[in-house]
file run_18.tsv (TSV, C-alpha atoms)
chain	number	residue	atom	x	y	z
A	1	MET	CA	87.46	182.98	131.12
A	2	ARG	CA	89.50	185.21	133.43
A	3	TYR	CA	88.80	185.64	137.11
A	4	ILE	CA	90.08	186.82	140.48
A	5	GLU	CA	89.80	184.64	143.58
A	6	PRO	CA	89.11	187.40	146.10
A	7	HIS	CA	89.03	185.14	149.18
A	8	GLY	CA	91.11	181.96	149.37
A	9	HIS	CA	93.11	180.55	152.27
A	10	MET	CA	95.89	179.22	150.11
A	11	VAL	CA	98.26	178.30	152.95
A	12	SER	CA	95.85	175.39	153.49
A	13	ARG	CA	95.79	174.31	149.86
A	14	THR	CA	98.07	172.25	147.65
A	15	THR	CA	100.09	173.15	144.58
A	16	ASP	CA	97.56	171.09	142.58
A	17	ASP	CA	94.94	173.65	143.61
A	18	TYR	CA	97.13	176.51	142.43
A	19	LEU	CA	97.64	174.72	139.12
A	20	ALA	CA	93.90	174.07	138.68
A	21	MET	CA	93.04	177.70	139.47
A	22	ALA	CA	95.64	179.07	137.07
A	23	THR	CA	94.44	176.64	134.38
A	24	ALA	CA	90.86	177.84	134.89
A	25	GLY	CA	91.86	181.47	134.29
A	26	CYS	CA	92.67	182.80	137.74
A	27	GLU	CA	95.03	185.79	137.64
A	28	ALA	CA	95.26	186.73	141.31
A	29	VAL	CA	94.33	185.28	144.66
A	30	CYS	CA	93.63	187.33	147.78
A	31	GLU	CA	94.13	185.70	151.15
A	32	PRO	CA	92.62	187.09	154.36
A	33	ALA	CA	94.17	186.01	157.65
A	34	PHE	CA	92.02	183.39	159.34
A	35	TRP	CA	91.71	180.74	162.03
A	36	ALA	CA	94.06	177.82	161.47
A	37	GLY	CA	91.59	175.26	162.85
A	38	PHE	CA	93.31	175.45	166.23
A	39	ASP	CA	94.12	178.34	168.56
A	40	ARG	CA	97.59	179.82	168.35
A	41	SER	CA	99.20	180.14	171.74
A	42	SER	CA	101.01	183.45	171.37
A	43	ALA	CA	101.40	186.62	169.33
A	44	ASP	CA	104.63	185.13	167.98
A	45	GLY	CA	102.55	182.41	166.30
A	46	PHE	CA	100.53	185.09	164.55
A	47	TYR	CA	103.65	187.00	163.54
A	48	ASP	CA	105.01	183.88	161.88
A	49	TYR	CA	101.66	183.40	160.09
A	50	PHE	CA	101.70	187.02	158.87
A	51	CYS	CA	105.23	186.46	157.53
A	52	GLN	CA	103.97	183.34	155.73
A	53	LEU	CA	101.19	185.45	154.15
A	54	THR	CA	103.47	188.30	153.12
A	55	GLU	CA	106.72	186.53	152.24
A	56	HIS	CA	106.33	182.82	151.51
A	57	GLU	CA	102.86	182.44	149.97
A	58	PRO	CA	103.35	185.12	147.26
A	59	LYS	CA	106.37	183.14	146.05
A	60	ARG	CA	104.41	179.89	146.02
A	61	ALA	CA	101.59	181.52	144.03
A	62	ALA	CA	104.04	183.12	141.60
A	63	LYS	CA	105.30	179.69	140.59
A	64	PHE	CA	101.88	179.22	138.96
A	65	GLY	CA	101.70	182.70	137.47
A	66	LEU	CA	99.31	183.96	140.13
A	67	GLN	CA	99.65	187.25	141.96
A	68	HIS	CA	99.04	186.98	145.69
A	69	TYR	CA	97.55	189.62	147.97
A	70	THR	CA	96.65	189.38	151.63
A	71	TRP	CA	94.79	190.92	154.58
A	72	LEU	CA	95.97	190.87	158.21
A	73	CYS	CA	94.12	190.47	161.51
A	74	ILE	CA	93.37	188.16	164.40
A	75	ASN	CA	90.32	186.16	163.35
A	76	PRO	CA	87.11	186.53	165.39
A	77	LYS	CA	87.36	182.87	166.42
A	78	GLU	CA	90.44	183.85	168.45
A	79	SER	CA	89.09	187.17	169.68
A	80	GLU	CA	87.54	186.03	172.95
A	81	ASP	CA	90.95	186.45	174.62
A	82	VAL	CA	91.28	190.24	174.44
A	83	ALA	CA	94.73	190.27	176.06
A	84	LEU	CA	96.11	187.96	173.36
A	85	ALA	CA	94.33	190.02	170.71
A	86	ASP	CA	95.99	193.19	171.99
A	87	HIS	CA	99.43	191.58	171.60
A	88	VAL	CA	98.58	190.49	168.06
A	89	LEU	CA	97.13	193.88	167.12
A	90	ALA	CA	100.39	195.50	168.22
A	91	VAL	CA	102.41	193.60	165.61
A	92	ILE	CA	100.09	194.38	162.69
A	93	PRO	CA	100.65	198.11	161.85
A	94	PRO	CA	104.29	197.83	160.66
A	95	LEU	CA	103.32	194.85	158.48
A	96	LEU	CA	100.65	196.90	156.68
A	97	GLU	CA	103.48	198.48	154.68
A	98	ARG	CA	104.35	195.18	153.03
A	99	PRO	CA	103.70	195.22	149.27
A	100	ASN	CA	100.97	192.56	149.08
A	101	VAL	CA	98.87	193.72	152.08
A	102	LEU	CA	95.55	195.23	150.99
A	103	GLY	CA	94.02	195.89	154.39
A	104	ILE	CA	92.56	194.53	157.62
A	105	GLY	CA	90.69	191.23	157.38
A	106	GLU	CA	88.94	188.98	157.76
A	107	ILE	CA	87.74	190.63	160.92
A	108	GLY	CA	84.21	190.38	162.27
A	109	LEU	CA	82.31	188.21	164.71
A	110	ASN	CA	81.92	184.49	165.35
A	111	LYS	CA	79.58	183.94	168.33
A	112	ASN	CA	78.60	187.61	168.71
A	113	SER	CA	80.16	188.07	172.14
A	114	ARG	CA	81.13	191.32	173.83
A	115	ASN	CA	84.85	190.55	173.64
A	116	GLU	CA	84.57	189.77	169.92
A	117	ILE	CA	82.95	193.19	169.44
A	118	THR	CA	85.73	194.87	171.45
A	119	VAL	CA	88.39	193.29	169.23
A	120	LEU	CA	86.41	194.13	166.10
A	121	GLU	CA	86.31	197.79	167.17
A	122	LYS	CA	90.06	197.76	167.74
A	123	HIS	CA	90.63	196.37	164.23
A	124	VAL	CA	88.36	199.02	162.74
A	125	ASP	CA	90.37	201.68	164.57
A	126	ILE	CA	93.63	200.36	163.08
A	127	ALA	CA	92.09	200.33	159.62
A	128	ALA	CA	90.89	203.92	160.04
A	129	ARG	CA	94.20	205.19	161.41
A	130	HIS	CA	96.19	203.53	158.60
A	131	ASP	CA	93.67	204.17	155.80
A	132	GLN	CA	93.22	200.48	155.06
A	133	LEU	CA	90.49	198.58	153.23
A	134	ILE	CA	88.40	196.27	155.44
A	135	LEU	CA	87.26	192.71	154.74
A	136	VAL	CA	84.66	191.40	157.20
A	137	HIS	CA	83.76	187.81	158.07
A	138	THR	CA	80.16	187.30	159.17
A	139	PRO	CA	79.30	184.47	161.57
A	140	HIS	CA	78.16	181.01	160.60
A	141	LEU	CA	74.67	179.55	160.37
A	142	GLU	CA	72.32	180.59	163.19
A	143	ASP	CA	74.68	183.38	164.30
A	144	LYS	CA	74.95	185.15	160.93
A	145	PHE	CA	71.81	187.30	160.99
A	146	LYS	CA	72.45	188.73	164.42
A	147	GLY	CA	76.19	189.07	163.80
A	148	THR	CA	75.74	190.91	160.53
A	149	ARG	CA	73.49	193.45	162.22
A	150	LEU	CA	76.05	193.95	165.01
A	151	ILE	CA	78.92	194.31	162.52
A	152	ILE	CA	77.06	196.96	160.52
A	153	ASP	CA	76.39	198.83	163.78
A	154	VAL	CA	80.11	198.80	164.66
A	155	LEU	CA	81.20	200.00	161.22
A	156	LYS	CA	78.50	202.67	161.05
A	157	ASN	CA	79.36	203.92	164.53
A	158	ASP	CA	82.91	204.80	163.44
A	159	GLN	CA	82.51	207.98	161.40
A	160	ARG	CA	85.95	207.52	159.80
A	161	ILE	CA	84.87	204.37	157.95
A	162	LYS	CA	83.65	204.66	154.38
A	163	PRO	CA	81.24	201.81	153.55
A	164	GLU	CA	82.45	201.57	149.95
A	165	ARG	CA	85.91	200.65	151.29
A	166	CYS	CA	84.53	197.70	153.29
A	167	ILE	CA	83.36	194.33	152.02
A	168	ILE	CA	81.09	192.28	154.27
A	169	ASP	CA	81.58	188.67	153.28
A	170	HIS	CA	79.59	185.43	153.45
A	171	VAL	CA	76.23	187.12	152.85
A	172	GLU	CA	73.17	184.97	152.18
A	173	GLU	CA	69.55	185.69	151.34
A	174	HIS	CA	68.75	187.02	154.83
A	175	THR	CA	71.73	189.40	155.10
A	176	VAL	CA	72.57	190.66	151.61
A	177	LYS	CA	69.94	193.41	151.57
A	178	MET	CA	70.99	194.98	154.87
A	179	VAL	CA	74.64	194.98	153.74
A	180	LYS	CA	73.95	196.57	150.37
A	181	ASP	CA	71.40	199.05	151.73
A	182	ALA	CA	74.05	200.30	154.17
A	183	GLY	CA	76.41	201.01	151.24
A	184	PHE	CA	78.92	198.20	151.84
A	185	TRP	CA	80.24	195.76	149.28
A	186	ALA	CA	78.88	192.23	149.73
A	187	GLY	CA	80.76	188.96	149.28
A	188	MET	CA	79.06	185.64	148.53
A	189	THR	CA	80.96	182.51	149.51
A	190	LEU	CA	80.35	179.39	147.46
A	191	TYR	CA	80.43	176.35	149.74
A	192	PRO	CA	79.02	172.86	149.16
A	193	GLU	CA	77.26	172.56	152.56
A	194	SER	CA	76.95	175.99	154.13
A	195	LYS	CA	76.81	179.58	152.86
A	196	CYS	CA	75.77	179.80	149.15
A	197	THR	CA	75.53	177.21	146.41
A	198	PRO	CA	76.24	178.61	142.92
A	199	ALA	CA	72.52	178.44	142.05
A	200	ARG	CA	71.55	180.45	145.15
A	201	ALA	CA	74.35	182.96	144.61
A	202	ILE	CA	73.04	183.61	141.11
A	203	ASP	CA	69.50	183.92	142.48
A	204	ILE	CA	70.88	186.72	144.67
A	205	LEU	CA	72.40	188.38	141.59
A	206	ASP	CA	69.04	188.05	139.82
A	207	ILE	CA	67.32	189.87	142.67
A	208	TYR	CA	69.91	192.39	143.87
A	209	GLY	CA	71.98	192.99	140.74
A	210	MET	CA	75.73	192.92	140.22
A	211	ASP	CA	76.74	196.26	141.73
A	212	GLN	CA	79.16	196.15	144.71
A	213	ILE	CA	79.16	192.37	145.04
A	214	TRP	CA	81.63	189.55	144.41
A	215	MET	CA	81.80	185.76	144.66
A	216	ASN	CA	84.58	183.77	146.30
A	217	SER	CA	85.45	180.18	147.18
A	218	ALA	CA	86.91	180.91	150.64
A	219	CYS	CA	88.73	177.63	150.09
A	220	ASP	CA	90.56	176.55	153.22
A	221	TRP	CA	91.33	173.41	155.27
A	222	GLY	CA	87.63	172.47	155.48
A	223	ILE	CA	85.12	171.24	152.90
A	224	SER	CA	85.50	173.83	150.16
A	225	VAL	CA	86.11	174.03	146.41
A	226	PRO	CA	89.03	176.09	145.04
A	227	LEU	CA	87.34	176.21	141.61
A	228	ALA	CA	84.00	177.38	142.99
A	229	VAL	CA	84.20	180.78	141.25
A	230	PRO	CA	84.72	179.50	137.69
A	231	ARG	CA	82.10	176.81	138.31
A	232	ALA	CA	79.64	179.52	139.36
A	233	ALA	CA	80.55	181.36	136.18
A	234	LEU	CA	79.52	178.28	134.19
A	235	GLU	CA	76.24	178.31	136.10
A	236	MET	CA	75.76	181.98	135.18
A	237	ARG	CA	76.28	181.02	131.53
A	238	LYS	CA	73.61	178.30	131.82
A	239	ARG	CA	71.27	180.88	133.33
A	240	GLY	CA	71.62	183.18	130.35
A	241	TYR	CA	74.11	185.73	131.62
A	242	ALA	CA	76.21	187.32	128.86
A	243	GLU	CA	79.99	186.87	128.82
A	244	ASP	CA	80.46	190.55	129.66
A	245	GLN	CA	78.23	190.19	132.75
A	246	ILE	CA	80.19	187.15	133.86
A	247	ASP	CA	83.45	189.02	133.36
A	248	GLN	CA	82.11	191.89	135.46
A	249	MET	CA	81.10	189.54	138.24
A	250	ILE	CA	84.21	187.37	138.54
A	251	TYR	CA	86.91	189.74	137.30
A	252	ARG	CA	86.08	193.45	137.11
A	253	ASN	CA	84.09	193.68	140.36
A	254	PRO	CA	86.84	192.30	142.61
A	255	ILE	CA	89.36	194.49	140.77
A	256	LYS	CA	87.14	197.54	141.31
A	257	PHE	CA	86.96	196.96	145.05
A	258	MET	CA	90.57	195.99	145.63
A	259	SER	CA	91.99	198.71	143.37
A	260	GLN	CA	90.94	201.14	146.10
A	261	SER	CA	94.27	200.02	147.56
A	262	PRO	CA	97.10	201.48	145.46
A	263	LYS	CA	99.00	198.22	145.95
A	264	PHE	CA	96.54	196.16	143.90
A	265	LYS	CA	97.87	196.12	140.36
A	266	LEU	CA	97.43	193.21	137.98
A	267	ASN	CA	100.39	192.41	135.74
A	268	LEU	CA	98.06	191.35	132.93
A	269	GLN	CA	95.91	194.50	132.96
B	1	MET	CA	68.29	186.87	135.46
B	2	GLY	CA	70.78	187.13	132.61
B	3	ASP	CA	68.66	187.63	129.53
B	4	GLY	CA	65.70	186.22	131.47
B	5	MET	CA	64.78	182.54	131.66
B	6	THR	CA	61.22	181.36	131.25
B	7	ARG	CA	59.62	179.34	134.03
B	8	GLN	CA	59.80	176.31	131.75
B	9	GLN	CA	63.55	176.83	131.29
B	10	VAL	CA	64.07	177.12	135.05
B	11	LEU	CA	62.15	173.88	135.55
B	12	ASP	CA	64.15	172.13	132.85
B	13	LEU	CA	67.41	173.26	134.43
B	14	TYR	CA	66.68	172.66	138.12
B	15	PHE	CA	63.71	170.30	138.59
B	16	MET	CA	65.66	167.03	138.80
B	17	ASP	CA	68.17	168.57	141.22
B	18	ALA	CA	65.37	169.92	143.44
B	19	ARG	CA	63.52	166.59	143.27
B	20	ALA	CA	66.62	164.75	144.46
B	21	LYS	CA	67.10	167.22	147.32
B	22	LEU	CA	63.45	166.90	148.37
B	23	LEU	CA	63.81	163.13	148.42
B	24	ASP	CA	66.96	163.41	150.54
B	25	LEU	CA	65.05	165.64	152.95
B	26	ALA	CA	62.24	163.10	153.28
B	27	ALA	CA	64.69	160.23	153.77
B	28	PHE	CA	66.57	162.22	156.43
B	29	MET	CA	63.36	162.80	158.41
B	30	ASP	CA	62.47	159.10	158.15
B	31	ARG	CA	66.02	158.15	159.26
B	32	VAL	CA	65.78	160.38	162.34
B	33	GLU	CA	62.40	158.86	163.27
B	34	ARG	CA	63.68	155.30	162.88
B	35	ALA	CA	66.63	155.94	165.19
B	36	GLU	CA	66.45	155.32	168.95
B	37	GLY	CA	66.58	158.17	171.46
B	38	GLN	CA	65.43	161.76	171.79
B	39	GLU	CA	65.56	164.56	169.26
B	40	ASP	CA	67.28	167.81	170.15
B	41	PHE	CA	66.47	171.45	169.42
B	42	ARG	CA	67.85	171.20	165.90
B	43	MET	CA	65.15	168.78	164.75
B	44	LYS	CA	62.45	170.89	166.37
B	45	ALA	CA	63.75	173.89	164.42
B	46	PHE	CA	63.98	171.76	161.30
B	47	ARG	CA	60.33	170.67	161.49
B	48	LYS	CA	59.22	174.25	162.10
B	49	THR	CA	61.28	175.42	159.14
B	50	VAL	CA	59.91	172.81	156.73
B	51	ALA	CA	56.56	174.59	157.10
B	52	VAL	CA	58.19	177.76	155.76
B	53	LEU	CA	58.35	176.12	152.33
B	54	ASN	CA	54.64	176.84	152.05
B	55	ALA	CA	55.30	180.59	152.11
B	56	LYS	CA	54.29	182.53	149.01
B	57	LYS	CA	57.72	184.09	148.33
B	58	ASN	CA	61.25	184.68	149.70
B	59	ARG	CA	61.36	181.10	150.99
B	60	ALA	CA	65.17	180.88	151.14
B	61	GLU	CA	65.37	184.02	153.25
B	62	LYS	CA	62.59	182.78	155.52
B	63	VAL	CA	64.27	179.39	155.99
B	64	LEU	CA	67.51	181.10	157.03
B	65	LEU	CA	65.67	183.43	159.41
B	66	SER	CA	63.79	180.50	160.92
B	67	PHE	CA	67.11	178.92	161.95
B	68	SER	CA	68.62	182.24	163.11
B	69	ASP	CA	69.22	183.77	166.52
B	70	PRO	CA	66.61	186.58	166.55
B	71	THR	CA	68.05	188.45	169.56
B	72	ARG	CA	69.94	191.76	169.34
B	73	PRO	CA	72.33	192.10	172.33
B	74	PRO	CA	75.76	190.48	172.20
B	75	ILE	CA	76.23	187.42	174.40
B	76	ALA	CA	78.34	187.80	177.53
B	77	THR	CA	81.05	185.26	176.57
B	78	ALA	CA	81.72	182.90	173.70
B	79	THR	CA	82.03	179.46	175.28
B	80	THR	CA	82.39	177.61	171.98
B	81	LYS	CA	83.56	178.42	168.46
B	82	ALA	CA	81.08	176.17	166.70
B	83	ALA	CA	77.65	176.87	165.25
B	84	SER	CA	75.00	174.15	165.35
B	85	GLY	CA	72.81	175.29	162.45
B	86	ALA	CA	69.78	176.12	164.57
B	87	TYR	CA	69.15	178.56	167.40
B	88	PRO	CA	68.60	176.81	170.72
B	89	LYS	CA	65.98	178.94	172.42
B	90	PRO	CA	67.31	179.60	175.94
B	91	SER	CA	65.26	178.10	178.75
B	92	LYS	CA	63.47	180.49	181.09
B	93	LEU	CA	65.93	179.56	183.86
B	94	ALA	CA	68.94	180.31	181.65
B	95	LYS	CA	67.36	183.62	180.67
B	96	ARG	CA	66.90	184.55	184.33
B	97	ILE	CA	70.54	183.66	185.14
B	98	HIS	CA	71.77	185.68	182.16
B	99	ALA	CA	69.61	188.64	183.15
B	100	ALA	CA	70.93	188.50	186.73
B	101	LYS	CA	74.55	188.50	185.50
B	102	THR	CA	74.00	191.40	183.14
call {"tool": "encode", "arguments": {"input": "run_18.tsv", "output": "structure tokens"}}
result
Amino acid sequence: MRYIEPHGHMVSRTTDDYLAMATAGCEAVCEPAFWAGFDRSSADGFYDYFCQLTEHEPKRAAKFGLQHYTWLCINPKESEDVALADHVLAVIPPLLERPNVLGIGEIGLNKNSRNEITVLEKHVDIAARHDQLILVHTPHLEDKFKGTRLIIDVLKNDQRIKPERCIIDHVEEHTVKMVKDAGFWAGMTLYPESKCTPARAIDILDIYGMDQIWMNSACDWGISVPLAVPRAALEMRKRGYAEDQIDQMIYRNPIKFMSQSPKFKLNLQ
Amino acid sequence: MGDGMTRQQVLDLYFMDARAKLLDLAAFMDRVERAEGQEDFRMKAFRKTVAVLNAKKNRAEKVLLSFSDPTRPPIATATTKAASGAYPKPSKLAKRIHAAKT
């Protein structure tokens, strides 16, 4: 089995996790910028984090034979303070030139507030001006349905944005259709307690097909499983999916989306 | 569904798992009822959502929608980062205050 982990917060994980992922067939891991579990107090804190994502973490991944790519942004959980967000957004454009940066992400909404939408629009503007891919986080639990609708409105309102260059992540049964119908890629996150279980994710594949969709672990500092993608692949096998279909889902689909950035090139391809 | 599983195959693969989860659900509701004190909005939403299991189809989607915020406009300010898992329907007073501010 070969696979890509298209969404993993590896700065929060151990070297044992890297080893397990490489052993399971992972060839590359892609790490969106996210909330650290606490609020950073200044733009300098974000700059240091972006340097970690673009300088240090690729070296750590390489020790296990994994390629490392990243996405930059201020996460929606820290977007209520628009003044801070403006300072952070100012440091991002020069960093987009770094060799492992695929785009802007994971942007989006958390509690669906006006300030979060303002900061989301500013991120979308940066992505459009710098021709970047976009990776979108949708809110948690009771806020997801409303937030996904608002996010689609924001992206659709900016005529420069091509839906096929955006992935809207953390979809579930009540949001996947609206995302796919609008022409965006959809990401399914495999979590033990929230988001999708492997069985439900494969139900979604049964119903909506395997076009423009990927699965990820979104492993981070919370309850999450770095091997969620290969475990879901085993579930697909139990459900009668052919090896080629599994390969499409966990390997070729993420490559197809991320190869829209000229920087995404797998050594093993 | 891959090459297509029969209903019997789906039952063979998932029945015991679903049975265990149903039992956990029942035990959780009993546990809440045995405990002292008042329920909050989450349990009210939970009880309402259990009824959704009797729907004819798309039950997972309907369960998620039952717990979801159905409103369209953005909120004025995010006062917390956390989600609770169920939408606390605003009281009429809170709605009036919000409307006056906006």
call {"tool": "atom_distance", "arguments": {"input": "run_18.tsv", "atom1": "CA of Ser113 in chain A", "atom2": "CA of Val136 in chain A"}}
result
16.0 Å
call {"tool": "interface_residues", "arguments": {"input": "run_18.tsv", "of": "chain B", "to": "chain A", "cutoff": "8 Å", "atoms": "all atoms listed in the file", "output": "ChimeraX atom specification"}}
result
/B:1-5,60-62,64-65,67-72,74-78,80-81,83-87
call {"tool": "atom_distance", "arguments": {"input": "run_18.tsv", "atom1": "CA of Cys30 in chain A", "atom2": "CA of Phe257 in chain A"}}
result
12.0 Å
call {"tool": "atom_distance", "arguments": {"input": "run_18.tsv", "atom1": "CA of Lys263 in chain A", "atom2": "CA of Pro99 in chain A"}}
result
6.5 Å
call {"tool": "residues_around", "arguments": {"input": "run_18.tsv", "residues": "Ala61 in chain A", "least_positions_apart": "6", "cutoff": "7 Å", "atoms": "all atoms listed in the file", "output": "PyMOL selection string"}}
result
chain A and resi 18+67-68
call {"tool": "closest_residue", "arguments": {"input": "run_18.tsv", "among": "A:Leu227, A:Ala232, A:Cys219, A:Ala83", "to": "Met21 in chain A", "atoms": "only C-alpha atoms"}}
result
A:Leu227
call {"tool": "build_atoms", "arguments": {"input": "run_18.tsv", "residues": "range 25-44 of chain B", "atoms": "N, CA and C atoms", "output": "PDB file, in the frame of the given file"}}
result
ATOM      1  N   LEU B  25      65.664 165.032 151.765  1.00  0.00           N
ATOM      2  CA  LEU B  25      65.050 165.640 152.950  1.00  0.00           C
ATOM      3  C   LEU B  25      64.064 164.658 153.593  1.00  0.00           C
ATOM      4  N   ALA B  26      63.224 164.052 152.771  1.00  0.00           N
ATOM      5  CA  ALA B  26      62.240 163.100 153.280  1.00  0.00           C
ATOM      6  C   ALA B  26      62.939 161.889 153.913  1.00  0.00           C
ATOM      7  N   ALA B  27      63.977 161.400 153.248  1.00  0.00           N
ATOM      8  CA  ALA B  27      64.690 160.230 153.770  1.00  0.00           C
ATOM      9  C   ALA B  27      65.399 160.569 155.082  1.00  0.00           C
ATOM     10  N   PHE B  28      65.926 161.780 155.181  1.00  0.00           N
ATOM     11  CA  PHE B  28      66.570 162.220 156.430  1.00  0.00           C
ATOM     12  C   PHE B  28      65.572 162.215 157.577  1.00  0.00           C
ATOM     13  N   MET B  29      64.366 162.742 157.346  1.00  0.00           N
ATOM     14  CA  MET B  29      63.360 162.800 158.410  1.00  0.00           C
ATOM     15  C   MET B  29      62.933 161.390 158.821  1.00  0.00           C
ATOM     16  N   ASP B  30      62.790 160.501 157.842  1.00  0.00           N
ATOM     17  CA  ASP B  30      62.470 159.100 158.150  1.00  0.00           C
ATOM     18  C   ASP B  30      63.586 158.453 158.979  1.00  0.00           C
ATOM     19  N   ARG B  31      64.839 158.728 158.591  1.00  0.00           N
ATOM     20  CA  ARG B  31      66.020 158.150 159.260  1.00  0.00           C
ATOM     21  C   ARG B  31      66.066 158.580 160.725  1.00  0.00           C
ATOM     22  N   VAL B  32      65.788 159.874 160.955  1.00  0.00           N
ATOM     23  CA  VAL B  32      65.780 160.380 162.340  1.00  0.00           C
ATOM     24  C   VAL B  32      64.694 159.666 163.134  1.00  0.00           C
ATOM     25  N   GLU B  33      63.524 159.479 162.539  1.00  0.00           N
ATOM     26  CA  GLU B  33      62.400 158.860 163.270  1.00  0.00           C
ATOM     27  C   GLU B  33      62.646 157.387 163.546  1.00  0.00           C
ATOM     28  N   ARG B  34      63.385 156.723 162.650  1.00  0.00           N
ATOM     29  CA  ARG B  34      63.680 155.300 162.880  1.00  0.00           C
ATOM     30  C   ARG B  34      64.698 155.083 163.999  1.00  0.00           C
ATOM     31  N   ALA B  35      65.532 156.088 164.223  1.00  0.00           N
ATOM     32  CA  ALA B  35      66.630 155.940 165.190  1.00  0.00           C
ATOM     33  C   ALA B  35      66.105 155.995 166.619  1.00  0.00           C
ATOM     34  N   GLU B  36      66.799 155.321 167.521  1.00  0.00           N
ATOM     35  CA  GLU B  36      66.450 155.320 168.950  1.00  0.00           C
ATOM     36  C   GLU B  36      66.835 156.650 169.592  1.00  0.00           C
ATOM     37  N   GLY B  37      66.166 157.007 170.673  1.00  0.00           N
ATOM     38  CA  GLY B  37      66.580 158.170 171.460  1.00  0.00           C
ATOM     39  C   GLY B  37      65.753 159.405 171.197  1.00  0.00           C
ATOM     40  N   GLN B  38      66.172 160.497 171.847  1.00  0.00           N
ATOM     41  CA  GLN B  38      65.430 161.760 171.790  1.00  0.00           C
ATOM     42  C   GLN B  38      65.975 162.676 170.696  1.00  0.00           C
ATOM     43  N   GLU B  39      65.104 163.499 170.158  1.00  0.00           N
ATOM     44  CA  GLU B  39      65.560 164.560 169.260  1.00  0.00           C
ATOM     45  C   GLU B  39      66.115 165.708 170.093  1.00  0.00           C
ATOM     46  N   ASP B  40      66.873 166.586 169.449  1.00  0.00           N
ATOM     47  CA  ASP B  40      67.280 167.810 170.150  1.00  0.00           C
ATOM     48  C   ASP B  40      66.656 169.021 169.466  1.00  0.00           C
ATOM     49  N   PHE B  41      67.074 170.201 169.911  1.00  0.00           N
ATOM     50  CA  PHE B  41      66.470 171.450 169.420  1.00  0.00           C
ATOM     51  C   PHE B  41      66.617 171.624 167.913  1.00  0.00           C
ATOM     52  N   ARG B  42      67.640 171.000 167.341  1.00  0.00           N
ATOM     53  CA  ARG B  42      67.850 171.200 165.900  1.00  0.00           C
ATOM     54  C   ARG B  42      66.699 170.609 165.094  1.00  0.00           C
ATOM     55  N   MET B  43      66.218 169.434 165.505  1.00  0.00           N
ATOM     56  CA  MET B  43      65.150 168.780 164.750  1.00  0.00           C
ATOM     57  C   MET B  43      63.832 169.528 164.924  1.00  0.00           C
ATOM     58  N   LYS B  44      63.660 170.082 166.126  1.00  0.00           N
ATOM     59  CA  LYS B  44      62.450 170.890 166.370  1.00  0.00           C
ATOM     60  C   LYS B  44      62.465 172.097 165.415  1.00  0.00           C
TER      61      LYS B  44
END
